[in-house]
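Q: So here's run_30.cif, just mmCIF, C-alpha atoms:
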```cif
data_final
#
loop_
_atom_site.label_atom_id
_atom_site.label_comp_id
_atom_site.auth_asym_id
_atom_site.auth_seq_id
_atom_site.Cartn_x
_atom_site.Cartn_y
_atom_site.Cartn_z
CA MET A 15 126.40 -11.26 44.18
CA SER A 16 129.46 -10.56 46.33
CA LEU A 17 127.75 -7.34 47.29
CA TYR A 18 124.88 -9.20 48.93
CA HIS A 19 127.35 -11.56 50.50
CA GLY A 20 128.97 -8.45 51.98
CA ILE A 21 125.67 -7.36 53.54
CA PHE A 22 125.20 -10.84 54.98
CA LYS A 23 128.70 -10.83 56.43
CA ARG A 24 128.26 -7.36 57.89
CA ASP A 25 124.96 -8.26 59.57
CA MET A 26 126.46 -11.41 61.05
CA GLN A 27 129.47 -9.45 62.28
CA ILE A 28 127.23 -6.88 63.95
CA ALA A 29 124.99 -9.55 65.45
CA PHE A 30 127.90 -11.35 67.05
CA LYS A 31 129.25 -8.08 68.43
CA GLN A 32 125.95 -7.46 70.19
CA LYS A 33 125.78 -10.82 71.94
CA ALA A 34 123.48 -9.62 74.70
CA GLU A 35 120.78 -8.88 72.16
CA LEU A 36 121.20 -12.35 70.72
CA VAL A 37 120.97 -14.16 74.03
CA GLN A 38 118.19 -12.18 75.71
CA PRO A 39 115.28 -13.43 73.55
CA LEU A 40 116.51 -17.00 74.01
CA MET A 41 116.67 -16.63 77.77
CA PHE A 42 113.19 -15.13 77.69
CA LEU A 43 111.93 -18.11 75.71
CA LEU A 44 113.55 -20.55 78.07
CA MET A 45 112.05 -18.82 81.11
CA VAL A 46 108.53 -18.63 79.70
CA VAL A 47 108.65 -22.35 78.94
CA THR A 48 109.97 -23.17 82.44
CA LEU A 49 107.22 -21.10 84.06
CA PHE A 50 104.42 -23.20 82.62
CA PRO A 51 105.07 -26.40 84.62
CA LEU A 52 105.22 -24.24 87.74
CA GLY A 53 102.12 -22.25 86.96
CA VAL A 54 99.82 -24.74 85.27
CA SER A 55 100.64 -28.17 86.55
CA PRO A 56 103.74 -30.34 86.53
CA SER A 57 101.75 -33.44 85.58
CA PRO A 58 103.35 -35.01 82.47
CA ASP A 59 99.99 -35.43 80.71
CA THR A 60 99.00 -31.79 81.03
CA LEU A 61 102.43 -30.65 79.93
CA GLN A 62 102.32 -32.87 76.91
CA ARG A 63 98.92 -31.46 75.94
CA ILE A 64 99.88 -27.77 76.29
CA GLY A 65 103.51 -28.21 75.28
CA PRO A 66 103.38 -27.44 71.53
CA GLY A 67 101.27 -24.34 72.10
CA VAL A 68 103.56 -23.12 74.86
CA ILE A 69 106.66 -23.49 72.74
CA TRP A 70 105.07 -21.76 69.77
CA ILE A 71 103.67 -18.87 71.82
CA ALA A 72 107.00 -18.41 73.57
CA ALA A 73 108.76 -18.46 70.19
CA ILE A 74 106.44 -15.79 68.79
CA LEU A 75 106.79 -13.56 71.86
CA SER A 76 110.55 -13.88 71.99
CA SER A 77 110.78 -13.24 68.25
CA LEU A 78 108.96 -9.94 68.79
CA MET A 79 111.73 -8.92 71.16
CA ALA A 80 114.43 -9.66 68.63
CA MET A 81 112.51 -8.37 65.64
CA GLU A 82 113.20 -4.68 66.11
CA ARG A 83 116.92 -5.27 65.83
CA LEU A 84 116.36 -6.02 62.15
CA PHE A 85 116.31 -2.43 60.90
CA ARG A 86 116.44 -0.26 64.04
CA ASP A 87 120.20 0.33 64.09
CA ASP A 88 120.37 0.83 60.35
CA PHE A 89 117.61 3.38 60.55
CA GLN A 90 119.02 5.27 63.49
CA ASP A 91 122.61 5.51 62.33
CA GLY A 92 121.67 6.39 58.76
CA SER A 93 122.91 3.16 57.13
CA LEU A 94 119.46 2.73 55.67
CA GLU A 95 119.76 6.03 53.80
CA GLN A 96 123.07 4.84 52.44
CA TYR A 97 121.50 1.56 51.30
CA ILE A 98 118.90 3.51 49.38
CA LEU A 99 121.46 5.94 47.98
CA SER A 100 123.72 3.15 46.79
CA GLY A 101 121.12 2.31 44.16
CA MET A 102 121.09 -1.36 45.21
CA ALA A 103 117.84 -3.27 44.74
CA LEU A 104 116.15 -2.75 48.09
CA PRO A 105 114.00 -5.92 47.93
CA ALA A 106 117.14 -8.02 47.51
CA VAL A 107 118.87 -6.16 50.35
CA SER A 108 115.85 -6.77 52.57
CA ALA A 109 115.77 -10.46 51.69
CA VAL A 110 119.43 -10.86 52.60
CA LYS A 111 118.97 -9.00 55.87
CA VAL A 112 115.94 -11.09 56.80
CA ALA A 113 117.89 -14.27 56.05
CA ALA A 114 120.73 -13.14 58.29
CA HIS A 115 118.26 -12.20 61.01
CA TRP A 116 116.57 -15.59 60.82
CA LEU A 117 119.90 -17.37 61.14
CA VAL A 118 120.95 -15.50 64.26
CA SER A 119 117.60 -15.36 66.03
CA PHE A 120 115.80 -18.56 65.09
CA VAL A 121 118.45 -21.18 64.45
CA PRO A 122 119.53 -21.01 68.14
CA LEU A 123 115.87 -21.58 69.00
CA LEU A 124 115.80 -24.67 66.80
CA LEU A 125 118.95 -25.91 68.51
CA LEU A 126 117.33 -25.32 71.87
CA SER A 127 114.12 -27.11 70.91
CA PRO A 128 115.11 -30.66 72.04
CA LEU A 129 115.60 -29.28 75.53
CA LEU A 130 112.22 -27.54 75.44
CA ALA A 131 110.58 -30.73 74.18
CA MET A 132 112.04 -32.62 77.13
CA PHE A 133 110.83 -29.98 79.58
CA LEU A 134 107.30 -30.40 78.31
CA ASN A 135 107.34 -34.16 77.93
CA LEU A 136 106.77 -34.23 74.14
CA THR A 137 106.97 -37.59 72.43
CA VAL A 138 109.43 -38.15 69.61
CA ASP A 139 106.65 -37.94 67.01
CA MET A 140 105.46 -34.66 68.45
CA TYR A 141 108.99 -33.32 68.54
CA VAL A 142 109.56 -34.15 64.88
CA ALA A 143 106.33 -32.36 63.96
CA LEU A 144 107.31 -29.42 66.15
CA VAL A 145 110.70 -29.04 64.50
CA LEU A 146 109.14 -29.25 61.04
CA THR A 147 106.62 -26.54 61.87
CA LEU A 148 109.35 -24.39 63.41
CA LEU A 149 111.54 -24.86 60.35
CA LEU A 150 108.76 -23.73 58.04
CA GLY A 151 107.13 -21.24 60.37
CA THR A 152 109.99 -19.20 61.79
CA PRO A 153 111.20 -17.85 58.43
CA LEU A 154 107.61 -16.72 57.96
CA LEU A 155 107.79 -14.89 61.30
CA SER A 156 110.95 -13.14 60.13
CA LEU A 157 109.56 -12.17 56.74
CA ILE A 158 106.21 -10.84 57.97
CA GLY A 159 107.82 -9.27 61.02
CA ALA A 160 110.25 -7.37 58.82
CA ILE A 161 107.40 -5.62 57.03
CA ALA A 162 106.01 -4.38 60.33
CA VAL A 163 109.46 -3.39 61.55
CA GLY A 164 109.96 -1.38 58.36
CA LEU A 165 106.69 0.42 58.99
CA THR A 166 107.33 1.19 62.65
CA VAL A 167 111.07 1.84 62.57
CA GLY A 168 110.65 5.59 62.26
CA LEU A 169 108.30 5.83 65.23
CA GLN A 170 109.26 6.32 68.82
CA LYS A 171 107.98 3.54 71.04
CA GLY A 172 107.28 1.43 67.97
CA GLY A 173 107.81 -1.75 69.99
CA VAL A 174 104.30 -2.11 71.40
CA LEU A 175 102.75 -1.12 68.10
CA LEU A 176 104.87 -3.79 66.46
CA ALA A 177 103.41 -6.42 68.78
CA LEU A 178 99.86 -5.17 68.17
CA LEU A 179 100.38 -5.31 64.42
CA LEU A 180 102.03 -8.69 64.31
CA ILE A 181 100.32 -10.91 66.85
CA PRO A 182 96.98 -11.05 64.96
CA VAL A 183 98.85 -11.83 61.74
CA PHE A 184 100.63 -14.74 63.38
CA ILE A 185 97.40 -16.39 64.60
CA PRO A 186 96.87 -18.62 61.51
CA LEU A 187 100.44 -19.82 61.73
CA LEU A 188 99.99 -20.64 65.40
CA ILE A 189 96.78 -22.56 64.72
CA PHE A 190 98.21 -24.69 61.93
CA ALA A 191 101.50 -25.31 63.69
CA THR A 192 99.96 -26.49 66.95
CA SER A 193 97.36 -28.50 65.12
CA ALA A 194 100.14 -30.30 63.24
CA VAL A 195 101.81 -31.25 66.51
CA ASP A 196 98.49 -32.34 68.01
CA SER A 197 97.88 -34.60 65.02
CA ALA A 198 101.34 -36.05 65.50
CA ALA A 199 100.49 -36.77 69.13
CA LEU A 200 97.49 -38.79 67.96
CA GLN A 201 99.57 -40.58 65.31
CA LEU A 202 97.56 -38.91 62.56
CA PRO A 203 99.07 -37.54 59.36
CA TYR A 204 99.83 -33.83 59.50
CA HIS A 205 100.93 -33.15 55.93
CA ALA A 206 98.02 -30.82 55.28
CA GLN A 207 98.97 -28.42 58.07
CA LEU A 208 102.60 -28.47 56.98
CA ALA A 209 101.58 -27.84 53.39
CA ILE A 210 99.54 -24.80 54.39
CA ILE A 211 102.41 -23.36 56.44
CA ALA A 212 104.76 -24.04 53.53
CA ALA A 213 102.37 -22.31 51.15
CA MET A 214 102.25 -19.26 53.44
CA LEU A 215 106.03 -19.29 53.60
CA LEU A 216 106.40 -19.48 49.82
CA LEU A 217 103.95 -16.65 49.30
CA ALA A 218 105.75 -14.53 51.88
CA THR A 219 109.16 -15.32 50.38
CA ALA A 220 107.95 -14.15 47.00
CA LEU A 221 106.14 -11.00 48.10
CA ALA A 222 107.49 -9.88 51.46
CA PRO A 223 110.84 -8.50 50.19
CA PHE A 224 108.96 -6.01 48.01
CA ALA A 225 106.67 -5.01 50.87
CA ILE A 226 109.66 -4.61 53.19
CA ALA A 227 111.48 -2.45 50.64
CA TYR A 228 108.42 -0.28 50.24
CA SER A 229 107.88 0.08 53.97
CA LEU A 230 111.52 1.10 54.42
CA LYS A 231 111.15 3.75 51.74
CA VAL A 232 108.01 5.06 53.39
CA SER A 233 109.77 5.22 56.74
CA GLN A 234 112.24 7.71 55.25
CA ASN A 235 109.55 10.35 54.97
CA MET B 14 123.60 20.70 36.43
CA LEU B 15 121.05 20.14 39.15
CA GLU B 16 117.69 21.77 38.63
CA ALA B 17 114.77 22.01 41.01
CA CYS B 18 111.49 22.99 39.40
CA GLY B 19 108.56 24.21 41.44
CA LEU B 20 109.19 22.19 44.59
CA THR B 21 106.56 22.24 47.30
CA CYS B 22 107.03 20.53 50.60
CA SER B 23 104.97 20.61 53.76
CA LYS B 24 105.43 18.91 57.09
CA ARG B 25 102.58 18.47 59.56
CA ASP B 26 100.31 20.94 57.78
CA ARG B 27 102.99 23.62 57.67
CA THR B 28 104.22 24.58 54.23
CA LEU B 29 108.01 24.73 54.31
CA PHE B 30 108.42 26.04 50.80
CA GLU B 31 106.19 26.42 47.81
CA GLY B 32 107.05 26.59 44.14
CA LEU B 33 110.75 26.67 44.90
CA SER B 34 112.97 26.66 41.81
CA LEU B 35 116.71 26.49 41.81
CA VAL B 36 119.46 25.89 39.31
CA ILE B 37 122.89 24.76 40.44
CA ASN B 38 125.44 24.60 37.66
CA ALA B 39 128.49 22.39 37.51
CA GLY B 40 131.38 24.17 39.17
CA GLU B 41 129.16 25.92 41.66
CA LEU B 42 128.86 25.82 45.43
CA LEU B 43 125.43 26.62 46.77
CA TYR B 44 125.28 27.56 50.40
CA LEU B 45 121.79 27.10 51.78
CA ARG B 46 120.93 29.28 54.73
CA GLY B 47 117.90 29.55 56.95
CA PRO B 48 116.72 29.37 60.54
CA ASN B 49 115.98 26.05 62.28
CA GLY B 50 112.85 24.51 60.86
CA ALA B 51 113.00 26.45 57.60
CA GLY B 52 113.21 23.21 55.60
CA LYS B 53 116.87 23.01 54.67
CA THR B 54 117.17 19.32 55.43
CA SER B 55 113.85 18.61 53.71
CA LEU B 56 115.07 20.40 50.60
CA LEU B 57 118.35 18.52 50.60
CA ARG B 58 116.58 15.20 51.06
CA ILE B 59 114.32 16.03 48.14
CA LEU B 60 117.40 16.81 46.07
CA THR B 61 118.71 13.31 46.87
CA ALA B 62 115.31 11.71 46.06
CA LEU B 63 115.21 10.20 49.57
CA ASN B 64 112.00 12.12 50.10
CA GLU B 65 109.49 13.01 47.47
CA PRO B 66 108.25 16.57 47.09
CA GLU B 67 104.52 17.15 47.11
CA LEU B 68 104.83 18.96 43.82
CA GLY B 69 107.66 19.59 41.42
CA THR B 70 110.58 17.68 40.05
CA VAL B 71 114.33 17.60 40.38
CA LEU B 72 116.38 17.23 37.21
CA TYR B 73 120.00 16.18 37.01
CA ASN B 74 121.50 16.98 33.61
CA GLY B 75 117.97 17.28 32.31
CA ILE B 76 116.81 13.86 33.55
CA ASP B 77 114.21 13.50 36.29
CA ILE B 78 116.07 11.96 39.25
CA SER B 79 113.04 9.97 40.41
CA LYS B 80 113.01 8.24 37.00
CA ASP B 81 116.72 7.42 36.82
CA LYS B 82 117.73 6.92 40.42
CA SER B 83 120.61 4.54 39.86
CA GLY B 84 122.21 6.85 37.30
CA TYR B 85 121.89 9.82 39.61
CA TYR B 86 123.10 7.93 42.66
CA GLN B 87 126.33 7.04 40.90
CA ALA B 88 127.12 10.73 40.66
CA LEU B 89 125.88 11.61 44.13
CA PHE B 90 127.48 11.83 47.53
CA TYR B 91 125.09 12.63 50.35
CA LEU B 92 125.96 13.15 53.97
CA GLY B 93 123.04 13.82 56.28
CA HIS B 94 122.68 14.36 59.99
CA LYS B 95 123.09 10.64 60.47
CA SER B 96 126.55 9.44 59.65
CA GLY B 97 125.59 6.07 58.16
CA THR B 98 128.28 4.22 60.11
CA ASN B 99 127.55 1.32 62.39
CA GLY B 100 128.85 1.85 65.93
CA SER B 101 129.89 -1.74 66.50
CA LEU B 102 132.08 -1.92 63.42
CA SER B 103 135.48 -0.30 62.98
CA ALA B 104 136.13 2.66 60.69
CA LEU B 105 137.88 0.35 58.26
CA ASP B 106 135.00 -2.16 58.16
CA ASN B 107 132.47 0.62 57.79
CA LEU B 108 134.35 2.24 54.93
CA SER B 109 135.10 -0.97 53.05
CA PHE B 110 131.48 -1.98 53.28
CA TRP B 111 130.29 1.42 52.13
CA LEU B 112 132.68 1.35 49.18
CA ALA B 113 131.50 -2.08 48.10
CA GLN B 114 127.91 -0.99 48.54
CA HIS B 115 128.42 2.06 46.35
CA LYS B 116 130.40 0.02 43.82
CA VAL B 117 133.57 2.03 44.24
CA SER B 118 136.77 0.04 43.98
CA VAL B 119 139.58 1.54 45.96
CA ASP B 120 142.76 -0.28 46.89
CA VAL B 121 143.72 -0.64 50.52
CA ASN B 122 146.56 1.86 50.33
CA ALA B 123 144.28 4.61 49.08
CA LEU B 124 141.94 3.79 51.95
CA TYR B 125 144.75 4.17 54.47
CA ASP B 126 145.84 7.41 52.79
CA VAL B 127 142.40 8.88 53.33
CA LEU B 128 142.30 7.64 56.92
CA GLU B 129 145.63 9.37 57.47
CA LYS B 130 144.32 12.53 55.89
CA VAL B 131 141.35 12.67 58.26
CA GLY B 132 143.57 11.84 61.22
CA LEU B 133 142.28 8.40 62.08
CA VAL B 134 145.49 6.44 61.80
CA GLY B 135 145.77 4.05 64.73
CA LEU B 136 142.02 4.22 65.28
CA GLU B 137 140.95 2.33 62.18
CA ASP B 138 140.31 -0.88 64.12
CA VAL B 139 138.40 0.69 67.00
CA PRO B 140 134.61 0.29 66.91
CA VAL B 141 133.26 3.62 65.73
CA ARG B 142 131.08 3.90 68.84
CA TYR B 143 134.18 4.46 70.98
CA LEU B 144 135.43 7.39 68.90
CA SER B 145 134.62 11.00 69.74
CA ALA B 146 131.79 12.77 67.93
CA GLY B 147 134.24 14.67 65.75
CA GLN B 148 136.14 11.52 64.88
CA GLN B 149 132.89 9.76 63.97
CA ARG B 150 132.12 12.65 61.67
CA ARG B 151 135.54 12.27 60.12
CA VAL B 152 134.86 8.59 59.41
CA ALA B 153 131.68 9.59 57.58
CA LEU B 154 133.42 12.42 55.75
CA SER B 155 136.35 10.32 54.58
CA ARG B 156 133.97 8.83 51.99
CA LEU B 157 134.07 12.19 50.22
CA TRP B 158 137.62 11.52 49.15
CA LEU B 159 136.93 7.91 48.20
CA LYS B 160 133.93 8.13 45.90
CA PRO B 161 134.46 10.09 42.71
CA ALA B 162 131.04 11.76 42.87
CA LYS B 163 130.16 14.87 40.88
CA VAL B 164 127.37 16.06 43.14
CA TRP B 165 128.00 16.59 46.82
CA ILE B 166 124.99 17.22 49.04
CA LEU B 167 126.19 17.92 52.55
CA ASP B 168 123.78 18.60 55.38
CA GLU B 169 125.61 20.47 58.15
CA PRO B 170 128.94 18.82 57.37
CA PHE B 171 130.86 20.91 59.90
CA THR B 172 128.98 19.61 62.94
CA ALA B 173 131.41 18.44 65.64
CA LEU B 174 134.48 19.11 63.48
CA ASP B 175 137.45 21.01 64.90
CA VAL B 176 139.07 24.03 63.22
CA LYS B 177 141.51 21.89 61.28
CA GLY B 178 138.75 19.58 60.13
CA ILE B 179 136.63 22.49 58.94
CA HIS B 180 139.58 23.93 57.06
CA MET B 181 140.29 20.60 55.38
CA LEU B 182 136.67 20.18 54.34
CA GLU B 183 136.38 23.72 53.03
CA SER B 184 139.50 23.42 50.93
CA SER B 185 138.22 20.14 49.50
CA MET B 186 134.99 21.87 48.61
CA LYS B 187 136.96 24.53 46.77
CA ASP B 188 138.97 21.90 44.87
CA HIS B 189 135.83 19.99 43.99
CA VAL B 190 134.14 23.09 42.58
CA ALA B 191 137.31 24.01 40.64
CA LYS B 192 137.20 20.54 39.05
CA GLY B 193 133.69 21.14 37.83
CA GLY B 194 131.87 19.49 40.72
CA LEU B 195 128.64 20.69 42.20
CA ILE B 196 128.00 21.18 45.92
CA VAL B 197 124.91 22.00 47.92
CA THR B 198 125.56 22.51 51.60
CA THR B 199 123.97 23.95 54.69
CA SER B 200 125.64 25.21 57.79
CA HIS B 201 124.81 27.53 60.62
CA GLN B 202 128.27 29.01 60.58
CA PRO B 203 129.27 31.09 57.57
CA LEU B 204 131.64 29.52 55.07
CA SER B 205 135.13 31.04 55.27
CA GLU B 206 137.24 32.19 52.32
CA THR B 207 138.90 28.79 52.15
CA ALA B 208 135.68 27.43 50.65
CA GLY B 209 136.09 29.72 47.66
CA LYS B 210 133.35 31.50 45.79
CA HIS B 211 129.86 30.45 46.65
CA ARG B 212 126.28 31.44 46.06
CA VAL B 213 124.00 31.94 49.01
CA PHE B 214 120.40 30.83 48.95
CA ASP B 215 118.15 31.87 51.81
CA LEU B 216 115.19 29.82 52.97
CA GLU B 217 112.73 31.76 55.05
CA TYR B 218 110.87 30.32 57.98
CA ARG B 219 107.17 30.27 57.12
CA PHE B 220 104.19 30.00 59.41
#
```
Translate this file's structure into structure tokens.
A:
Amino acid sequence: MSLYHGIFKRDMQIAFKQKAELVQPLMFLLMVVTLFPLGVSPSPDTLQRIGPGVIWIAAILSSLMAMERLFRDDFQDGSLEQYILSGMALPAVSAVKVAAHWLVSFVPLLLLSPLLAMFLNLTVDMYVALVLTLLLGTPLLSLIGAIAVGLTVGLQKGGVLLALLLIPVFIPLLIFATSAVDSAALQLPYHAQLAIIAAMLLLATALAPFAIAYSLKVSQN
Amino acid sequence: MLEACGLTCSKRDRTLFEGLSLVINAGELLYLRGPNGAGKTSLLRILTALNEPELGTVLYNGIDISKDKSGYYQALFYLGHKSGTNGSLSALDNLSFWLAQHKVSVDVNALYDVLEKVGLVGLEDVPVRYLSAGQQRRVALSRLWLKPAKVWILDEPFTALDVKGIHMLESSMKDHVAKGGLIVTTSHQPLSETAGKHRVFDLEYRF
């Protein structure tokens, strides 16, 4: 157990030593969200209608920027080989690394979300729904993203391929998440959408670590 | 005893080697030679089970290494082209993490002793990225003296090392073999006498 704690600590240490990489996706997110009132229309009604979608799309795009960091350094400097050669259970290692990645790349986004909600004139009900979908949905982004990162880590210019692989996979999540917030805006219950996102998250939590471990092994060839 | 039986490996439709068999006994140093692209690294990676051969098996003490990876990995030390150290962390952090990862318990004094041996005293807190290439190599190599591994697989271990560093590594190789260890190494410069007796295995470049 302390071994996995060590991996977690190491990843956090590295993340906080590369602050620029932590802050850049957040700045990107913030800028995309600020562009919409300028580009679409600053009228509060329009913003409220497009707001949830804008925040979710910006979150997905900015997460793609931060996603590569998950295994890129470990692959390039050979730490990944050493993980495999240590005989540790690779699925467990992947799970710990994904958890650490989620904490450093998505928790700041959650902290930033009240500000984004104010920018886009979301009501309190909509904001609550938004935070709930983000809480359930962003770990899913990390888990699924990690599989694709594992597959593309050995390729040069894997970044664009990563986006092409992942964006279609994230479509269902986007649909259910924005629909939950829309329902909240109309004072309708949105448990069903949340339940579906939660189900996707649970399935990914159970299976993704094995897929990630396998993709990392494949990338060694 | 490490045994390779009928290994075949091809990369991008080019067969690197076919039906290659090799036996390396305990207390033996095998020096793998061959031109660039002959498949030395591929062979070494197959011997560590990082890559799988197209055909053939590798046995360690008679057990297939792909079937008992964790047992084999306890006895293995592998150093590839990539050092396996993170540039943002210090030598000390990198080594302590690696030791925990490989389940080797070493007390702090022993760690400092090894750092002194490889000439990194005073640099143990500097992020590895800021060290010179040779010093980075020394950080990676210092693990050799920390993990009590029987099998050493070293891919071009002398890269970027200075004369003193090469001498130190070669004499450690000799000691390791004398103690009944087993080493497979590649290098483009011939091993000197300091490395002791060794067997040469040539890999040909194939078209």
Q: Go ahead and compute the interatomic distance for CA of Ser79 in chain B and CA of Asn49 in chain B, in Å to one decimal.
A: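 Those two atoms sit 27.3 Å apart.
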Q: Restrict the distance test to only C-alpha atoms, flag each residue of chain B within 7 Å of chain A, and return the flagged residues as JSON, numbers by chain.
A: {"B": [63, 64, 82, 83, 86, 95, 96, 97, 98, 99, 101, 102, 113, 114, 115]}
Q: Identify, on the basis of only C-alpha atoms, every residue whose closest approach to Ser119 in chain A does not exceed 12 Å; exclude the query and any residue fewer than 6 positions from it along the same chain; express the result as a PDB file with C-alpha atoms, in the frame of the given file.
A:
```
ATOM      1  CA  MET A  26     126.460 -11.410  61.050  1.00  0.00           C
ATOM      2  CA  ALA A  29     124.990  -9.550  65.450  1.00  0.00           C
ATOM      3  CA  PHE A  30     127.900 -11.350  67.050  1.00  0.00           C
ATOM      4  CA  LYS A  33     125.780 -10.820  71.940  1.00  0.00           C
ATOM      5  CA  ALA A  34     123.480  -9.620  74.700  1.00  0.00           C
ATOM      6  CA  GLU A  35     120.780  -8.880  72.160  1.00  0.00           C
ATOM      7  CA  LEU A  36     121.200 -12.350  70.720  1.00  0.00           C
ATOM      8  CA  VAL A  37     120.970 -14.160  74.030  1.00  0.00           C
ATOM      9  CA  GLN A  38     118.190 -12.180  75.710  1.00  0.00           C
ATOM     10  CA  PRO A  39     115.280 -13.430  73.550  1.00  0.00           C
ATOM     11  CA  LEU A  40     116.510 -17.000  74.010  1.00  0.00           C
ATOM     12  CA  MET A  41     116.670 -16.630  77.770  1.00  0.00           C
ATOM     13  CA  LEU A  43     111.930 -18.110  75.710  1.00  0.00           C
ATOM     14  CA  ALA A  73     108.760 -18.460  70.190  1.00  0.00           C
ATOM     15  CA  ILE A  74     106.440 -15.790  68.790  1.00  0.00           C
ATOM     16  CA  SER A  76     110.550 -13.880  71.990  1.00  0.00           C
ATOM     17  CA  SER A  77     110.780 -13.240  68.250  1.00  0.00           C
ATOM     18  CA  LEU A  78     108.960  -9.940  68.790  1.00  0.00           C
ATOM     19  CA  MET A  79     111.730  -8.920  71.160  1.00  0.00           C
ATOM     20  CA  ALA A  80     114.430  -9.660  68.630  1.00  0.00           C
ATOM     21  CA  MET A  81     112.510  -8.370  65.640  1.00  0.00           C
ATOM     22  CA  GLU A  82     113.200  -4.680  66.110  1.00  0.00           C
ATOM     23  CA  ARG A  83     116.920  -5.270  65.830  1.00  0.00           C
ATOM     24  CA  LEU A  84     116.360  -6.020  62.150  1.00  0.00           C
ATOM     25  CA  VAL A 112     115.940 -11.090  56.800  1.00  0.00           C
ATOM     26  CA  ALA A 113     117.890 -14.270  56.050  1.00  0.00           C
ATOM     27  CA  LEU A 125     118.950 -25.910  68.510  1.00  0.00           C
ATOM     28  CA  LEU A 126     117.330 -25.320  71.870  1.00  0.00           C
ATOM     29  CA  THR A 152     109.990 -19.200  61.790  1.00  0.00           C
ATOM     30  CA  PRO A 153     111.200 -17.850  58.430  1.00  0.00           C
ATOM     31  CA  LEU A 155     107.790 -14.890  61.300  1.00  0.00           C
ATOM     32  CA  SER A 156     110.950 -13.140  60.130  1.00  0.00           C
TER      33      SER A 156
END
```
Q: Which residue is closest to Gly151 in chain A? Choose from A:Val110, A:Val138, A:Leu129, A:Ile210 and count all atoms listed in the file.
A: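 Ranked by minimum distance to Gly151 in chain A, first place goes to A:Ile210.
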Q: Name every residue that the PyMOL selection byres ((chain A and resi 192) around 12) selects in this structure, writing the answer as an MDAnalysis selection string with chains first and numbers rising.
A: chainID A and resid 63:71 140:141 143:148 151 185:191 193:199 204 207:208 211
Q: Those same residues, written as a compact mmCIF listing (two decimals), keeping the file's coordinate frame with C-alpha atoms?
A:
```
# COMPACT_ATOMS: atom_id res chain seq x y z
CA ARG A 63 98.92 -31.46 75.94
CA ILE A 64 99.88 -27.77 76.29
CA GLY A 65 103.51 -28.21 75.28
CA PRO A 66 103.38 -27.44 71.53
CA GLY A 67 101.27 -24.34 72.10
CA VAL A 68 103.56 -23.12 74.86
CA ILE A 69 106.66 -23.49 72.74
CA TRP A 70 105.07 -21.76 69.77
CA ILE A 71 103.67 -18.87 71.82
CA MET A 140 105.46 -34.66 68.45
CA TYR A 141 108.99 -33.32 68.54
CA ALA A 143 106.33 -32.36 63.96
CA LEU A 144 107.31 -29.42 66.15
CA VAL A 145 110.70 -29.04 64.50
CA LEU A 146 109.14 -29.25 61.04
CA THR A 147 106.62 -26.54 61.87
CA LEU A 148 109.35 -24.39 63.41
CA GLY A 151 107.13 -21.24 60.37
CA ILE A 185 97.40 -16.39 64.60
CA PRO A 186 96.87 -18.62 61.51
CA LEU A 187 100.44 -19.82 61.73
CA LEU A 188 99.99 -20.64 65.40
CA ILE A 189 96.78 -22.56 64.72
CA PHE A 190 98.21 -24.69 61.93
CA ALA A 191 101.50 -25.31 63.69
CA SER A 193 97.36 -28.50 65.12
CA ALA A 194 100.14 -30.30 63.24
CA VAL A 195 101.81 -31.25 66.51
CA ASP A 196 98.49 -32.34 68.01
CA SER A 197 97.88 -34.60 65.02
CA ALA A 198 101.34 -36.05 65.50
CA ALA A 199 100.49 -36.77 69.13
CA TYR A 204 99.83 -33.83 59.50
CA GLN A 207 98.97 -28.42 58.07
CA LEU A 208 102.60 -28.47 56.98
CA ILE A 211 102.41 -23.36 56.44
```
Q: Kindly indicate which residue among B:Leu112, B:Val121, B:Ile196, B:Met14 lies nearest to Lys160 in chain B, using only C-alpha atoms for the distances.
A: B:Leu112
